[in-house]
>>> print(open('target_6.txt').read())   # compact mmCIF, C-alpha atoms and all ligand atoms
# COMPACT_ATOMS: atom_id res chain seq x y z
CA MET M 1 16.10 58.02 -9.94
CA ARG M 2 19.00 57.36 -12.24
CA PRO M 3 18.37 55.89 -15.71
CA ALA M 4 19.60 52.43 -14.65
CA GLY M 5 16.97 52.26 -11.90
CA ARG M 6 14.25 53.43 -14.27
CA ILE M 7 15.19 50.70 -16.75
CA ALA M 8 14.99 48.02 -14.06
CA ALA M 9 11.63 49.45 -12.97
CA ALA M 10 10.27 49.34 -16.54
CA ILE M 11 11.24 45.66 -16.80
CA GLU M 12 9.48 44.98 -13.51
CA VAL M 13 6.30 46.72 -14.68
CA LEU M 14 6.34 44.87 -18.02
CA ALA M 15 6.73 41.54 -16.23
CA ASP M 16 3.75 42.40 -14.04
CA VAL M 17 1.67 43.31 -17.13
CA GLU M 18 2.63 40.05 -18.79
CA THR M 19 2.29 37.56 -15.95
CA ARG M 20 -0.89 38.99 -14.45
CA HIS M 21 -2.47 40.20 -17.73
CA ARG M 22 -2.89 43.62 -16.18
CA PRO M 23 -3.73 46.94 -17.84
CA VAL M 24 -0.48 48.88 -18.24
CA ALA M 25 -1.82 51.98 -16.49
CA ASP M 26 -2.74 49.88 -13.41
CA ALA M 27 0.65 48.18 -13.30
CA LEU M 28 2.41 51.56 -13.53
CA LYS M 29 0.23 53.04 -10.81
CA ASP M 30 0.85 50.11 -8.46
CA TRP M 31 4.56 50.29 -9.06
CA GLY M 32 4.46 53.97 -8.07
CA LEU M 33 2.48 53.21 -4.90
CA SER M 34 4.95 50.57 -3.76
CA HIS M 35 8.02 52.68 -4.59
CA ARG M 36 7.29 55.95 -2.86
CA PHE M 37 10.82 57.29 -3.40
CA ALA M 38 10.02 57.68 -7.12
CA GLY M 39 8.73 61.13 -8.01
CA SER M 40 6.10 61.93 -10.64
CA GLY M 41 8.87 62.68 -13.18
CA ASP M 42 10.33 59.21 -12.60
CA ARG M 43 6.95 57.53 -12.94
CA ALA M 44 6.26 59.35 -16.22
CA ALA M 45 9.73 58.44 -17.52
CA ILE M 46 9.28 54.76 -16.61
CA GLY M 47 5.90 54.90 -18.39
CA ASN M 48 7.60 56.25 -21.52
CA LEU M 49 9.94 53.27 -21.65
CA VAL M 50 7.21 50.75 -20.83
CA TYR M 51 4.97 52.06 -23.63
CA ASP M 52 7.87 52.20 -26.08
CA VAL M 53 8.72 48.56 -25.36
CA LEU M 54 5.08 47.63 -26.05
CA ARG M 55 5.04 49.59 -29.34
CA TRP M 56 7.86 47.54 -30.86
CA ARG M 57 7.42 44.40 -28.82
CA ARG M 58 7.57 41.90 -31.67
CA SER M 59 10.48 43.36 -33.59
CA SER M 60 12.40 43.97 -30.37
CA ALA M 61 12.01 40.34 -29.34
CA TRP M 62 13.32 39.36 -32.77
CA ARG M 63 16.25 41.71 -32.52
CA ALA M 64 17.09 40.58 -28.99
CA GLY M 65 16.67 36.91 -29.82
CA ALA M 66 14.34 36.37 -26.83
CA ASP M 67 10.74 37.30 -26.05
CA THR M 68 11.05 38.49 -22.46
CA PRO M 69 10.43 41.93 -20.88
CA ARG M 70 14.17 42.30 -20.23
CA ALA M 71 15.19 41.38 -23.79
CA ALA M 72 12.57 43.66 -25.37
CA THR M 73 13.54 46.54 -23.08
CA LEU M 74 17.23 46.26 -23.88
CA ALA M 75 16.45 46.10 -27.63
CA THR M 76 14.17 49.14 -27.37
CA LEU M 77 16.93 51.15 -25.68
CA ARG M 78 19.48 49.98 -28.20
CA PHE M 79 17.51 50.35 -31.44
CA HIS M 80 14.90 53.04 -30.69
CA TRP M 81 16.50 55.19 -28.02
CA GLY M 82 19.91 55.09 -29.67
CA VAL M 83 21.82 53.82 -26.61
CA GLY M 84 25.10 52.35 -27.92
CA PRO M 85 26.35 48.87 -26.87
CA ALA M 86 29.01 50.25 -24.51
CA ASP M 87 26.59 52.63 -22.75
CA LEU M 88 24.03 49.87 -22.45
CA GLU M 89 26.67 47.67 -20.81
CA THR M 90 27.48 50.39 -18.28
CA LEU M 91 23.84 51.17 -17.54
CA ALA M 92 23.01 47.51 -17.00
CA THR M 93 25.67 47.03 -14.32
CA GLU M 94 25.07 50.28 -12.42
CA GLU M 95 23.59 50.14 -8.94
CA HIS M 96 19.80 49.38 -9.12
CA GLY M 97 20.22 48.60 -12.82
CA PRO M 98 18.88 45.48 -14.55
CA GLY M 99 22.15 43.49 -14.19
CA ALA M 100 25.06 42.65 -16.47
CA LEU M 101 24.40 41.59 -20.07
CA THR M 102 24.80 37.93 -20.95
CA GLU M 103 26.98 36.80 -23.86
CA GLU M 104 23.84 36.15 -25.95
CA GLU M 105 22.43 39.61 -25.17
CA ARG M 106 25.71 41.27 -25.99
CA ALA M 107 25.85 39.48 -29.35
CA ALA M 108 22.21 40.22 -30.23
CA LEU M 109 22.50 43.90 -29.36
CA SER M 110 25.75 44.52 -31.18
CA ALA M 111 24.36 43.82 -34.70
CA ASP M 112 20.86 44.54 -35.99
CA ARG M 113 19.08 41.46 -37.39
CA LEU M 114 15.87 43.27 -38.33
CA GLY M 115 16.71 43.08 -42.04
CA ASP M 116 16.24 39.28 -41.85
CA ALA M 117 12.90 39.45 -40.05
CA PRO M 118 9.65 38.24 -41.68
CA PRO M 119 7.38 41.12 -42.79
CA ASP M 120 4.87 40.78 -39.94
CA VAL M 121 7.72 41.04 -37.41
CA ALA M 122 9.16 44.12 -39.14
CA ALA M 123 5.60 45.54 -39.25
CA ASP M 124 5.20 44.97 -35.49
CA VAL M 125 1.71 43.51 -35.79
CA PRO M 126 0.24 40.21 -34.61
CA ASP M 127 0.65 37.66 -37.43
CA TRP M 128 -3.10 37.02 -37.81
CA LEU M 129 -3.58 40.69 -38.77
CA ALA M 130 -0.89 40.78 -41.48
CA PRO M 131 -3.29 39.75 -44.30
CA ALA M 132 -5.68 42.62 -43.44
CA PHE M 133 -2.84 45.14 -43.70
CA GLU M 134 -1.55 43.63 -46.91
CA ASP M 135 -5.05 43.67 -48.37
CA ASN M 136 -5.49 47.34 -47.47
CA PHE M 137 -2.09 48.84 -48.24
CA GLY M 138 -0.56 46.50 -50.85
CA ASP M 139 3.22 46.90 -51.18
CA ASP M 140 3.24 49.64 -48.52
CA TRP M 141 1.73 47.48 -45.82
CA VAL M 142 4.83 46.95 -43.68
CA ASN M 143 5.63 50.64 -43.63
CA GLU M 144 1.99 51.52 -42.87
CA ALA M 145 1.71 49.01 -40.04
CA ALA M 146 5.08 50.00 -38.58
CA SER M 147 4.04 53.66 -38.57
CA LEU M 148 1.33 52.75 -36.04
CA ALA M 149 4.07 51.89 -33.55
CA ALA M 150 5.85 55.26 -33.28
CA ARG M 151 5.12 57.76 -30.51
CA ALA M 152 2.31 60.18 -31.33
CA PRO M 153 2.33 63.96 -30.93
CA VAL M 154 -0.24 65.75 -28.77
CA ASP M 155 -2.88 67.27 -31.04
CA LEU M 156 -5.30 69.97 -29.99
CA ARG M 157 -8.43 71.34 -31.61
CA VAL M 158 -8.97 75.05 -31.25
CA ASN M 159 -12.52 75.77 -30.10
CA THR M 160 -13.63 78.49 -32.52
CA LEU M 161 -16.63 79.23 -30.28
CA LYS M 162 -14.13 80.79 -27.84
CA SER M 163 -10.77 81.42 -29.49
CA ASP M 164 -8.74 81.24 -32.68
CA ARG M 165 -5.64 79.35 -33.77
CA ALA M 166 -3.24 82.31 -33.69
CA LYS M 167 -4.01 82.96 -30.01
CA VAL M 168 -3.60 79.29 -29.07
CA LEU M 169 -0.32 79.00 -30.99
CA SER M 170 1.01 81.99 -29.14
CA ALA M 171 -0.13 80.67 -25.72
CA LEU M 172 1.52 77.28 -26.34
CA LYS M 173 4.66 78.49 -28.08
CA ARG M 174 6.93 77.17 -25.34
CA PHE M 175 5.78 73.61 -26.12
CA GLY M 176 6.81 73.95 -29.77
CA ALA M 177 3.19 74.28 -30.97
CA THR M 178 2.69 74.37 -34.75
CA ALA M 179 -0.34 74.74 -37.02
CA SER M 180 -1.65 71.49 -38.52
CA PRO M 181 -1.31 71.24 -42.30
CA ILE M 182 -4.62 69.33 -42.41
CA SER M 183 -7.10 70.68 -39.89
CA PRO M 184 -7.56 74.47 -40.04
CA VAL M 185 -8.36 74.34 -36.32
CA GLY M 186 -5.56 71.93 -35.42
CA VAL M 187 -2.47 72.62 -33.32
CA ARG M 188 0.28 70.08 -32.80
CA LEU M 189 2.76 69.71 -29.95
CA PRO M 190 5.59 67.43 -31.10
CA ALA M 191 6.09 64.00 -29.51
CA ARG M 192 8.83 64.01 -26.89
CA ALA M 193 11.76 61.60 -27.13
CA GLY M 194 13.26 59.20 -24.58
CA TRP M 195 12.58 59.99 -20.91
CA GLU M 196 11.17 63.44 -21.68
CA ARG M 197 7.68 64.12 -20.36
CA SER M 198 4.77 65.18 -22.61
CA PRO M 199 3.26 68.55 -21.77
CA ASN M 200 0.36 68.24 -19.32
CA ILE M 201 -2.00 70.35 -21.35
CA VAL M 202 -5.02 70.02 -19.05
CA ARG M 203 -3.24 72.28 -16.55
CA GLU M 204 -2.92 75.07 -19.12
CA ASP M 205 -5.15 78.10 -19.01
CA VAL M 206 -6.21 77.65 -22.67
CA TYR M 207 -7.50 74.19 -21.81
CA GLN M 208 -9.23 75.13 -18.57
CA ARG M 209 -11.02 78.00 -20.27
CA GLY M 210 -12.31 75.71 -23.04
CA HIS M 211 -10.23 77.26 -25.83
CA VAL M 212 -8.79 73.89 -26.83
CA GLU M 213 -9.69 70.21 -26.67
CA VAL M 214 -7.22 67.33 -26.92
CA GLN M 215 -8.13 65.63 -30.20
CA ASP M 216 -6.00 63.86 -32.78
CA ILE M 217 -5.82 65.66 -36.14
CA GLY M 218 -7.32 62.55 -37.81
CA SER M 219 -10.31 62.74 -35.49
CA GLN M 220 -10.62 66.47 -36.22
CA ALA M 221 -10.51 65.78 -39.97
CA ALA M 222 -13.15 63.04 -39.61
CA ALA M 223 -15.44 65.50 -37.82
CA LEU M 224 -14.77 68.15 -40.49
CA MET M 225 -15.74 65.62 -43.20
CA VAL M 226 -19.27 65.60 -41.75
CA LEU M 227 -19.49 69.05 -43.43
CA ALA M 228 -21.72 70.33 -40.64
CA HIS M 229 -23.27 73.72 -41.33
CA PRO M 230 -24.93 76.27 -39.04
CA GLY M 231 -28.69 75.70 -38.89
CA GLU M 232 -28.63 71.99 -39.69
CA GLN M 233 -30.16 69.11 -37.74
CA ILE M 234 -27.43 66.61 -36.89
CA LEU M 235 -27.43 63.40 -34.87
CA ASP M 236 -24.20 62.12 -33.29
CA LEU M 237 -25.35 58.57 -32.57
CA CYS M 238 -22.19 57.22 -30.91
CA ALA M 239 -21.22 60.39 -29.10
CA GLY M 240 -19.36 58.77 -26.19
CA ALA M 241 -17.45 61.43 -24.25
CA GLY M 242 -18.29 63.94 -26.98
CA GLY M 243 -15.01 64.55 -28.80
CA LYS M 244 -16.74 64.86 -32.16
CA THR M 245 -19.91 66.42 -30.72
CA LEU M 246 -17.85 69.41 -29.57
CA ALA M 247 -16.16 69.68 -32.96
CA LEU M 248 -19.53 69.59 -34.77
CA ALA M 249 -21.01 72.26 -32.49
CA ALA M 250 -18.10 74.56 -33.33
CA GLN M 251 -18.57 73.94 -37.08
CA MET M 252 -22.26 74.78 -36.65
CA ASP M 253 -21.29 77.95 -34.80
CA ASN M 254 -23.82 77.00 -32.11
CA ARG M 255 -26.69 77.30 -34.61
CA GLY M 256 -29.13 74.57 -35.59
CA GLN M 257 -29.67 71.47 -33.49
CA LEU M 258 -27.13 68.86 -32.55
CA HIS M 259 -28.45 65.68 -30.94
CA ALA M 260 -25.95 63.49 -29.10
CA THR M 261 -26.50 60.05 -27.68
CA ASP M 262 -24.77 56.73 -27.02
CA ALA M 263 -25.86 53.19 -26.18
CA ASP M 264 -23.81 53.35 -22.99
CA GLN M 265 -24.73 56.01 -20.43
CA ASN M 266 -21.33 55.66 -18.72
CA GLN M 267 -19.57 56.62 -21.94
CA LEU M 268 -21.69 59.79 -22.10
CA ALA M 269 -20.83 60.84 -18.54
CA PRO M 270 -18.03 63.34 -19.35
CA ILE M 271 -19.96 65.04 -22.17
CA PHE M 272 -21.97 67.41 -19.97
CA GLU M 273 -18.96 69.07 -18.35
CA ARG M 274 -17.14 69.23 -21.70
CA LEU M 275 -20.08 70.91 -23.48
CA LYS M 276 -20.24 73.48 -20.69
CA ARG M 277 -16.53 74.25 -20.74
CA ALA M 278 -16.57 74.61 -24.52
CA GLY M 279 -19.55 77.02 -24.47
CA VAL M 280 -21.73 74.75 -26.64
CA ARG M 281 -25.37 75.84 -26.63
CA ASN M 282 -26.96 73.92 -29.53
CA ALA M 283 -26.45 70.34 -28.33
CA GLN M 284 -29.12 68.19 -26.75
CA VAL M 285 -27.86 65.04 -25.04
CA HIS M 286 -30.29 62.11 -25.07
CA ARG M 287 -29.75 59.52 -22.35
CA ALA M 288 -28.79 56.01 -23.46
CA GLY M 289 -31.91 54.09 -24.45
CA SER M 290 -34.02 57.24 -25.03
CA ASP M 291 -36.87 57.09 -27.52
CA LEU M 292 -35.48 58.92 -30.57
CA SER M 293 -38.39 58.15 -32.92
CA ALA M 294 -39.20 61.87 -33.21
CA LEU M 295 -35.89 62.35 -35.06
CA GLU M 296 -36.53 59.64 -37.67
CA GLY M 297 -36.28 60.81 -41.27
CA ARG M 298 -35.44 64.37 -40.16
CA MET M 299 -31.65 64.58 -39.81
CA ASP M 300 -29.52 66.40 -42.39
CA LYS M 301 -26.49 64.43 -41.20
CA VAL M 302 -26.09 61.39 -38.98
CA LEU M 303 -22.62 60.65 -37.66
CA VAL M 304 -21.80 57.06 -36.72
CA ASP M 305 -18.45 57.21 -34.93
CA ALA M 306 -18.56 53.46 -34.61
CA PRO M 307 -17.20 51.20 -31.87
CA CYS M 308 -14.11 49.58 -33.37
CA SER M 309 -10.88 47.70 -32.70
CA GLY M 310 -9.02 51.00 -32.29
CA SER M 311 -6.22 49.75 -34.56
CA GLY M 312 -5.74 53.33 -35.78
CA THR M 313 -4.84 54.45 -32.25
CA TRP M 314 -2.15 51.88 -31.50
CA ARG M 315 0.38 54.72 -31.26
CA ARG M 316 -1.45 55.96 -28.17
CA ARG M 317 -2.44 52.59 -26.67
CA PRO M 318 0.22 50.14 -27.87
CA GLU M 319 -0.83 47.32 -25.53
CA THR M 320 -4.22 47.00 -27.32
CA LYS M 321 -2.37 45.90 -30.47
CA TRP M 322 -1.28 42.65 -28.79
CA ARG M 323 -4.55 42.09 -26.93
CA LEU M 324 -6.87 42.24 -29.95
CA THR M 325 -8.28 38.81 -30.86
CA PRO M 326 -10.17 37.58 -33.95
CA GLU M 327 -13.22 37.05 -31.71
CA ALA M 328 -13.13 40.62 -30.37
CA LEU M 329 -12.77 41.95 -33.91
CA GLU M 330 -15.81 39.94 -35.01
CA ARG M 331 -17.84 41.31 -32.08
CA ARG M 332 -16.91 44.82 -33.21
CA THR M 333 -17.90 44.24 -36.84
CA ASP M 334 -21.27 42.86 -35.68
CA GLN M 335 -21.82 45.98 -33.56
CA GLN M 336 -20.86 48.19 -36.50
CA ALA M 337 -23.40 46.57 -38.80
CA ALA M 338 -26.08 46.94 -36.11
CA VAL M 339 -25.35 50.60 -35.48
CA LEU M 340 -25.34 51.39 -39.21
CA ASP M 341 -28.77 49.76 -39.57
CA GLN M 342 -30.01 51.75 -36.61
CA ALA M 343 -28.61 55.02 -37.98
CA ARG M 344 -30.15 54.92 -41.45
CA ALA M 345 -33.69 55.54 -40.19
CA PHE M 346 -32.73 59.00 -38.93
CA VAL M 347 -31.36 60.35 -42.22
CA ARG M 348 -33.79 62.53 -44.18
CA PRO M 349 -34.10 61.91 -47.94
CA GLY M 350 -31.14 63.78 -49.46
CA GLY M 351 -29.31 63.73 -46.12
CA THR M 352 -26.00 62.02 -45.36
CA LEU M 353 -24.85 59.22 -43.09
CA ILE M 354 -21.18 59.56 -42.18
CA TYR M 355 -19.44 56.42 -40.96
CA VAL M 356 -16.17 56.81 -39.06
CA THR M 357 -13.85 54.35 -37.34
CA CYS M 358 -10.46 54.80 -35.70
CA SER M 359 -9.34 51.60 -37.40
CA VAL M 360 -7.36 50.80 -40.54
CA LEU M 361 -8.66 47.24 -40.92
CA PRO M 362 -10.76 46.66 -44.07
CA GLN M 363 -13.16 44.33 -42.21
CA GLU M 364 -14.34 47.32 -40.16
CA ASN M 365 -14.21 49.80 -43.01
CA GLU M 366 -14.60 49.11 -46.74
CA ALA M 367 -16.17 45.66 -46.19
CA GLN M 368 -18.59 47.06 -43.63
CA ILE M 369 -19.72 49.76 -46.08
CA ALA M 370 -20.03 47.28 -48.97
CA ASP M 371 -22.29 45.07 -46.80
CA PHE M 372 -24.35 48.07 -45.72
CA LEU M 373 -24.89 49.17 -49.31
CA ASP M 374 -26.13 45.64 -50.12
CA ARG M 375 -28.74 46.02 -47.37
CA ALA M 376 -29.60 49.68 -47.97
CA ALA M 377 -30.52 50.31 -51.60
CA ASP M 378 -31.59 53.88 -50.75
CA PHE M 379 -28.00 54.92 -49.89
CA THR M 380 -25.10 55.68 -52.21
CA LEU M 381 -21.45 56.51 -51.56
CA THR M 382 -20.45 60.12 -52.21
CA SER M 383 -17.02 61.34 -53.20
CA MET M 384 -14.95 62.98 -50.47
CA ALA M 385 -12.02 64.12 -52.60
CA ASP M 386 -13.19 67.71 -53.18
CA ALA M 387 -14.28 68.13 -49.58
CA TRP M 388 -10.85 67.02 -48.37
CA VAL M 389 -9.10 69.59 -50.55
CA ASP M 390 -11.59 72.31 -49.49
CA ILE M 391 -10.90 71.57 -45.83
CA ALA M 392 -7.20 70.77 -45.83
CA GLY M 393 -6.00 72.67 -48.89
CA GLU M 394 -4.21 71.59 -52.07
CA ASP M 395 -0.84 71.03 -50.37
CA ALA M 396 -2.05 68.90 -47.49
CA PRO M 397 -1.11 65.20 -47.40
CA MET M 398 -3.79 62.97 -48.95
CA PRO M 399 -5.35 59.98 -47.20
CA TRP M 400 -5.54 56.56 -48.83
CA SER M 401 -8.59 56.53 -51.06
CA ALA M 402 -9.90 54.58 -54.03
CA GLU M 403 -11.42 57.15 -56.41
CA GLY M 404 -12.03 59.56 -53.53
CA LEU M 405 -14.96 57.49 -52.32
CA MET M 406 -13.78 56.37 -48.90
CA MET M 407 -10.80 57.67 -47.00
CA THR M 408 -8.25 56.13 -44.68
CA MET M 409 -5.90 58.39 -42.78
CA THR M 410 -2.76 56.83 -41.27
CA PRO M 411 0.40 58.00 -39.48
CA ALA M 412 2.42 57.24 -42.63
CA ALA M 413 0.08 58.92 -45.14
CA THR M 414 -1.35 61.87 -43.22
CA GLY M 415 0.70 62.03 -40.01
CA THR M 416 -2.44 61.34 -37.96
CA ASP M 417 -3.91 58.42 -36.08
CA GLY M 418 -5.58 55.88 -38.37
CA PHE M 419 -9.13 56.96 -39.23
CA PHE M 420 -11.61 55.79 -41.84
CA VAL M 421 -14.43 57.97 -43.20
CA ALA M 422 -17.22 57.19 -45.66
CA ALA M 423 -20.18 59.42 -46.52
CA LEU M 424 -23.42 57.81 -47.72
CA LYS M 425 -26.19 59.91 -49.20
CA ARG M 426 -29.79 58.85 -48.78
CA THR M 427 -31.29 59.00 -52.24
CA GLY M 428 -34.79 57.66 -51.61
C1 LIG D 1 -15.50 55.39 -30.95
S1 LIG D 1 -16.50 55.53 -29.58
C2 LIG D 1 -17.16 57.15 -29.73
C3 LIG D 1 -16.15 58.27 -29.52
C4 LIG D 1 -16.77 59.65 -29.54
N1 LIG D 1 -17.62 59.89 -30.68
C5 LIG D 1 -15.72 60.75 -29.51
O1 LIG D 1 -15.41 61.36 -30.56
O2 LIG D 1 -15.20 61.02 -28.41
C6 LIG D 1 -17.87 54.52 -30.00
C7 LIG D 1 -19.08 54.62 -29.09
O3 LIG D 1 -20.16 53.90 -29.69
C8 LIG D 1 -21.02 53.48 -28.65
N2 LIG D 1 -21.95 52.48 -29.21
C9 LIG D 1 -21.73 51.18 -29.49
N3 LIG D 1 -22.84 50.62 -30.05
C10 LIG D 1 -23.76 51.61 -30.14
C11 LIG D 1 -25.10 51.68 -30.63
N4 LIG D 1 -25.70 50.62 -31.15
N5 LIG D 1 -25.74 52.87 -30.57
C12 LIG D 1 -25.13 53.95 -30.04
N6 LIG D 1 -23.87 53.95 -29.56
C13 LIG D 1 -23.20 52.80 -29.62
C14 LIG D 1 -20.06 53.01 -27.58
O4 LIG D 1 -20.67 53.01 -26.32
C15 LIG D 1 -18.92 54.04 -27.68
O5 LIG D 1 -19.09 55.09 -26.76
>>> encode(input="target_6.txt", output="structure tokens", more="lines below")
Ligand SMILES: C[S@@+](CC[C@H](N)C(=O)[O-])C[C@H]1O[C@@H](n2cnc3c(N)ncnc32)[C@H](O)[C@@H]1O
Amino acid sequence: MRPAGRIAAAIEVLADVETRHRPVADALKDWGLSHRFAGSGDRAAIGNLVYDVLRWRRSSAWRAGADTPRAATLATLRFHWGVGPADLETLATEEHGPGALTEEERAALSADRLGDAPPDVAADVPDWLAPAFEDNFGDDWVNEAASLAARAPVDLRVNTLKSDRAKVLSALKRFGATASPISPVGVRLPARAGWERSPNIVREDVYQRGHVEVQDIGSQAAALMVLAHPGEQILDLCAGAGGKTLALAAQMDNRGQLHATDADQNQLAPIFERLKRAGVRNAQVHRAGSDLSALEGRMDKVLVDAPCSGSGTWRRRPETKWRLTPEALERRTDQQAAVLDQARAFVRPGGTLIYVTCSVLPQENEAQIADFLDRAADFTLTSMADAWVDIAGEDAPMPWSAEGLMMTMTPAATGTDGFFVAALKRTG
């Protein structure tokens, strides 16, 4: 397909998402099924544009002067893909293209009005979330929020049970792989621009042989902040598909005992195959709802990788930014409080509870920890500043942190997805 046809297709998919409130992936898949002439490269390229429109939806509508899929798509091409006004005009009128620009569109796309936009429009966040960002990031809030809109790179974690970073870097050199400045086991493949397709890493030999896992550097750093050591007893209470379980097993060098469970058995489903592929031998998976009373008071570390709004991962799932509601956020914070209360019983005296979210919202992070400390007098916050420097090195970018006590990684500060980490020591 020619670019003009892809642009028209992206507008069609976005209209479907909007009018039928459909998941983006489903709308893209259906479009592909009903347009068999489009190859897999075309479908991926259309997906790139659709997701980019969703990333900057609010600011694009402002720039275009209209909040429609067509207006937002044209503004995305103009202001994020660098397509000049004359080229946009030509593309629009080509065969199978989206159709000639109107006078209003031409005027809106010829000059950029973003400088006049209110902060929450420039930040590309829903207006009800602006106070949370401002509260968390002060004067930097617009820049921080806007950084959650850009395309994300593909990050990989080298599985040290099977390989090392130098070998993985060499195997993935053709994708532009570089070593992460934060995670000593992290490898980054740069984000692709425009229509260009991301590398399909799961087809690579290093992936199929379990030498790497796809995992954001922020998620890797959060797992490293557990400070798991060989020989310890560790519980991963919200293990889900096991992303952090695998990282912890590698840190433990397969020694000691790693317990993994989740409240939802369906979430756990992929973990078994992943543990096998990664060569993990020290993990025991407990089915959802299992009786874990034998572990109470015995764990050196308990990881709560809590259910959350996912605001830190908006780069990867931009549609979720616009679908989040105050009610859904409140449900999440209730779940977080419940899972923290559940987790504390497993920590041995002197052991540590590590709380992680992939969110940057203070309601799910600092406020959640403050409330927990009010309920749990036998826990105290521990500083993470030294551990961060030990793991990442002196020159690595620093997360947001008040006195080193709790940490928030963000695309703007650490070049990662947004992640929050707090470590709470059981004193009594
Ligand atoms: C952020 S996801 C976990 C991601 C996973 N740790 C990883 O790194 O791939 C949060 C998980 O918490 C689980 N969950 C929610 N409430 C829970 C509870 N009370 N106890 C255990 N798991 C819970 C959800 O089912 C979900 O799988």
>>> residues_near_ligand(input="target_6.txt", ligand="ligand LIG 1 (chain D)", cutoff="6 Å", atoms="only C-alpha atoms and all ligand atoms", output="PyMOL selection string")
chain M and resi 237-244+262-264+267+305-307+335+339
>>> atom_distance(input="target_6.txt", atom1="atom CA of M:Ala283", atom2="atom CA of M:His259")
5.7 Å
>>> atom_distance(input="target_6.txt", atom1="atom CA of M:Gly176", atom2="atom CA of M:Leu189")
5.9 Å
>>> closest_residue(input="target_6.txt", among="M:Ser183, M:Thr416, M:Gln342, M:Thr320", to="M:Gly297", atoms="only C-alpha atoms")
M:Gln342
>>> atom_distance(input="target_6.txt", atom1="atom CA of M:Trp322", atom2="atom CA of M:Pro126")
6.5 Å
>>> residues_around(input="target_6.txt", residues="M:Val158", least_positions_apart="4", cutoff="7 Å", atoms="all atoms listed in the file", output="JSON list (two decimals) with C-alpha atoms, in the frame of the given file")
[["chain", "number", "residue", "atom", "x", "y", "z"],
["M", 163, "SER", "CA", -10.77, 81.42, -29.49],
["M", 164, "ASP", "CA", -8.74, 81.24, -32.68],
["M", 165, "ARG", "CA", -5.64, 79.35, -33.77],
["M", 185, "VAL", "CA", -8.36, 74.34, -36.32],
["M", 186, "GLY", "CA", -5.56, 71.93, -35.42],
["M", 211, "HIS", "CA", -10.23, 77.26, -25.83],
["M", 212, "VAL", "CA", -8.79, 73.89, -26.83],
["M", 213, "GLU", "CA", -9.69, 70.21, -26.67]]
>>> residues_around(input="target_6.txt", residues="M:Glu104", least_positions_apart="3", cutoff="10 Å", atoms="all atoms listed in the file", output="list in words")
Ala64, Gly65, Ala66, Leu101, Ala107, Ala108 and Leu109 of chain M
>>> closest_residue(input="target_6.txt", among="M:Asp417, M:Asp253, M:Asp341, M:Asp16", to="M:Thr160", atoms="only C-alpha atoms")
M:Asp253
>>> closest_residue(input="target_6.txt", among="M:Ser60, M:Thr178, M:Thr76, M:Thr325", to="M:Ala123", atoms="only C-alpha atoms")
M:Ser60
>>> residues_near_point(input="target_6.txt", point="(19.2, 47.3, -25.3)", cutoff="9 Å", atoms="only C-alpha atoms", output="count of residues only")
22
>>> closest_residue(input="target_6.txt", among="M:Val280, M:Ala345, M:Leu275, M:Ala338", to="M:Arg298", atoms="all atoms listed in the file")
M:Ala345
>>> residues_around(input="target_6.txt", residues="M:Arg6", least_positions_apart="2", cutoff="8 Å", atoms="only C-alpha atoms", output="short mmCIF file (atom, residue, chain, number, x, y, z; two decimals) with C-alpha atoms, keeping the file's coordinate frame")
data_model
loop_
_atom_site.label_atom_id
_atom_site.label_comp_id
_atom_site.auth_asym_id
_atom_site.auth_seq_id
_atom_site.Cartn_x
_atom_site.Cartn_y
_atom_site.Cartn_z
CA MET M 1 16.10 58.02 -9.94
CA ARG M 2 19.00 57.36 -12.24
CA PRO M 3 18.37 55.89 -15.71
CA ALA M 4 19.60 52.43 -14.65
CA ALA M 8 14.99 48.02 -14.06
CA ALA M 9 11.63 49.45 -12.97
CA ALA M 10 10.27 49.34 -16.54
CA ASP M 42 10.33 59.21 -12.60
CA ALA M 45 9.73 58.44 -17.52
CA ILE M 46 9.28 54.76 -16.61
CA GLY M 97 20.22 48.60 -12.82
#
>>> closest_residue(input="target_6.txt", among="M:Gly218, M:Gly312, M:Pro397, M:Pro349", to="M:Met299", atoms="all atoms listed in the file")
M:Pro349
>>> closest_residue(input="target_6.txt", among="M:Lys321, M:Gly210, M:Ala222, M:Ala249", to="M:Arg58", atoms="all atoms listed in the file")
M:Lys321
>>> residues_near_point(input="target_6.txt", point="(-34.6, 62.5, -42.6)", cutoff="10 Å", atoms="all atoms listed in the file", output="PyMOL selection string")
chain M and resi 233+295-302+344-352+426
>>> residues_around(input="target_6.txt", residues="stretch 357-365 of chain M", least_positions_apart="5", cutoff="8 Å", atoms="all atoms listed in the file", output="short mmCIF file (atom, residue, chain, number, x, y, z; two decimals) with C-alpha atoms, keeping the file's coordinate frame")
data_model
loop_
_atom_site.label_atom_id
_atom_site.label_comp_id
_atom_site.auth_asym_id
_atom_site.auth_seq_id
_atom_site.Cartn_x
_atom_site.Cartn_y
_atom_site.Cartn_z
CA ALA M 132 -5.68 42.62 -43.44
CA PHE M 133 -2.84 45.14 -43.70
CA ASP M 135 -5.05 43.67 -48.37
CA ASN M 136 -5.49 47.34 -47.47
CA SER M 219 -10.31 62.74 -35.49
CA ASP M 305 -18.45 57.21 -34.93
CA ALA M 306 -18.56 53.46 -34.61
CA PRO M 307 -17.20 51.20 -31.87
CA CYS M 308 -14.11 49.58 -33.37
CA SER M 309 -10.88 47.70 -32.70
CA GLY M 310 -9.02 51.00 -32.29
CA SER M 311 -6.22 49.75 -34.56
CA GLY M 312 -5.74 53.33 -35.78
CA THR M 313 -4.84 54.45 -32.25
CA ARG M 332 -16.91 44.82 -33.21
CA THR M 333 -17.90 44.24 -36.84
CA GLN M 336 -20.86 48.19 -36.50
CA THR M 408 -8.25 56.13 -44.68
CA THR M 410 -2.76 56.83 -41.27
CA ASP M 417 -3.91 58.42 -36.08
CA GLY M 418 -5.58 55.88 -38.37
CA PHE M 419 -9.13 56.96 -39.23
CA PHE M 420 -11.61 55.79 -41.84
CA VAL M 421 -14.43 57.97 -43.20
#
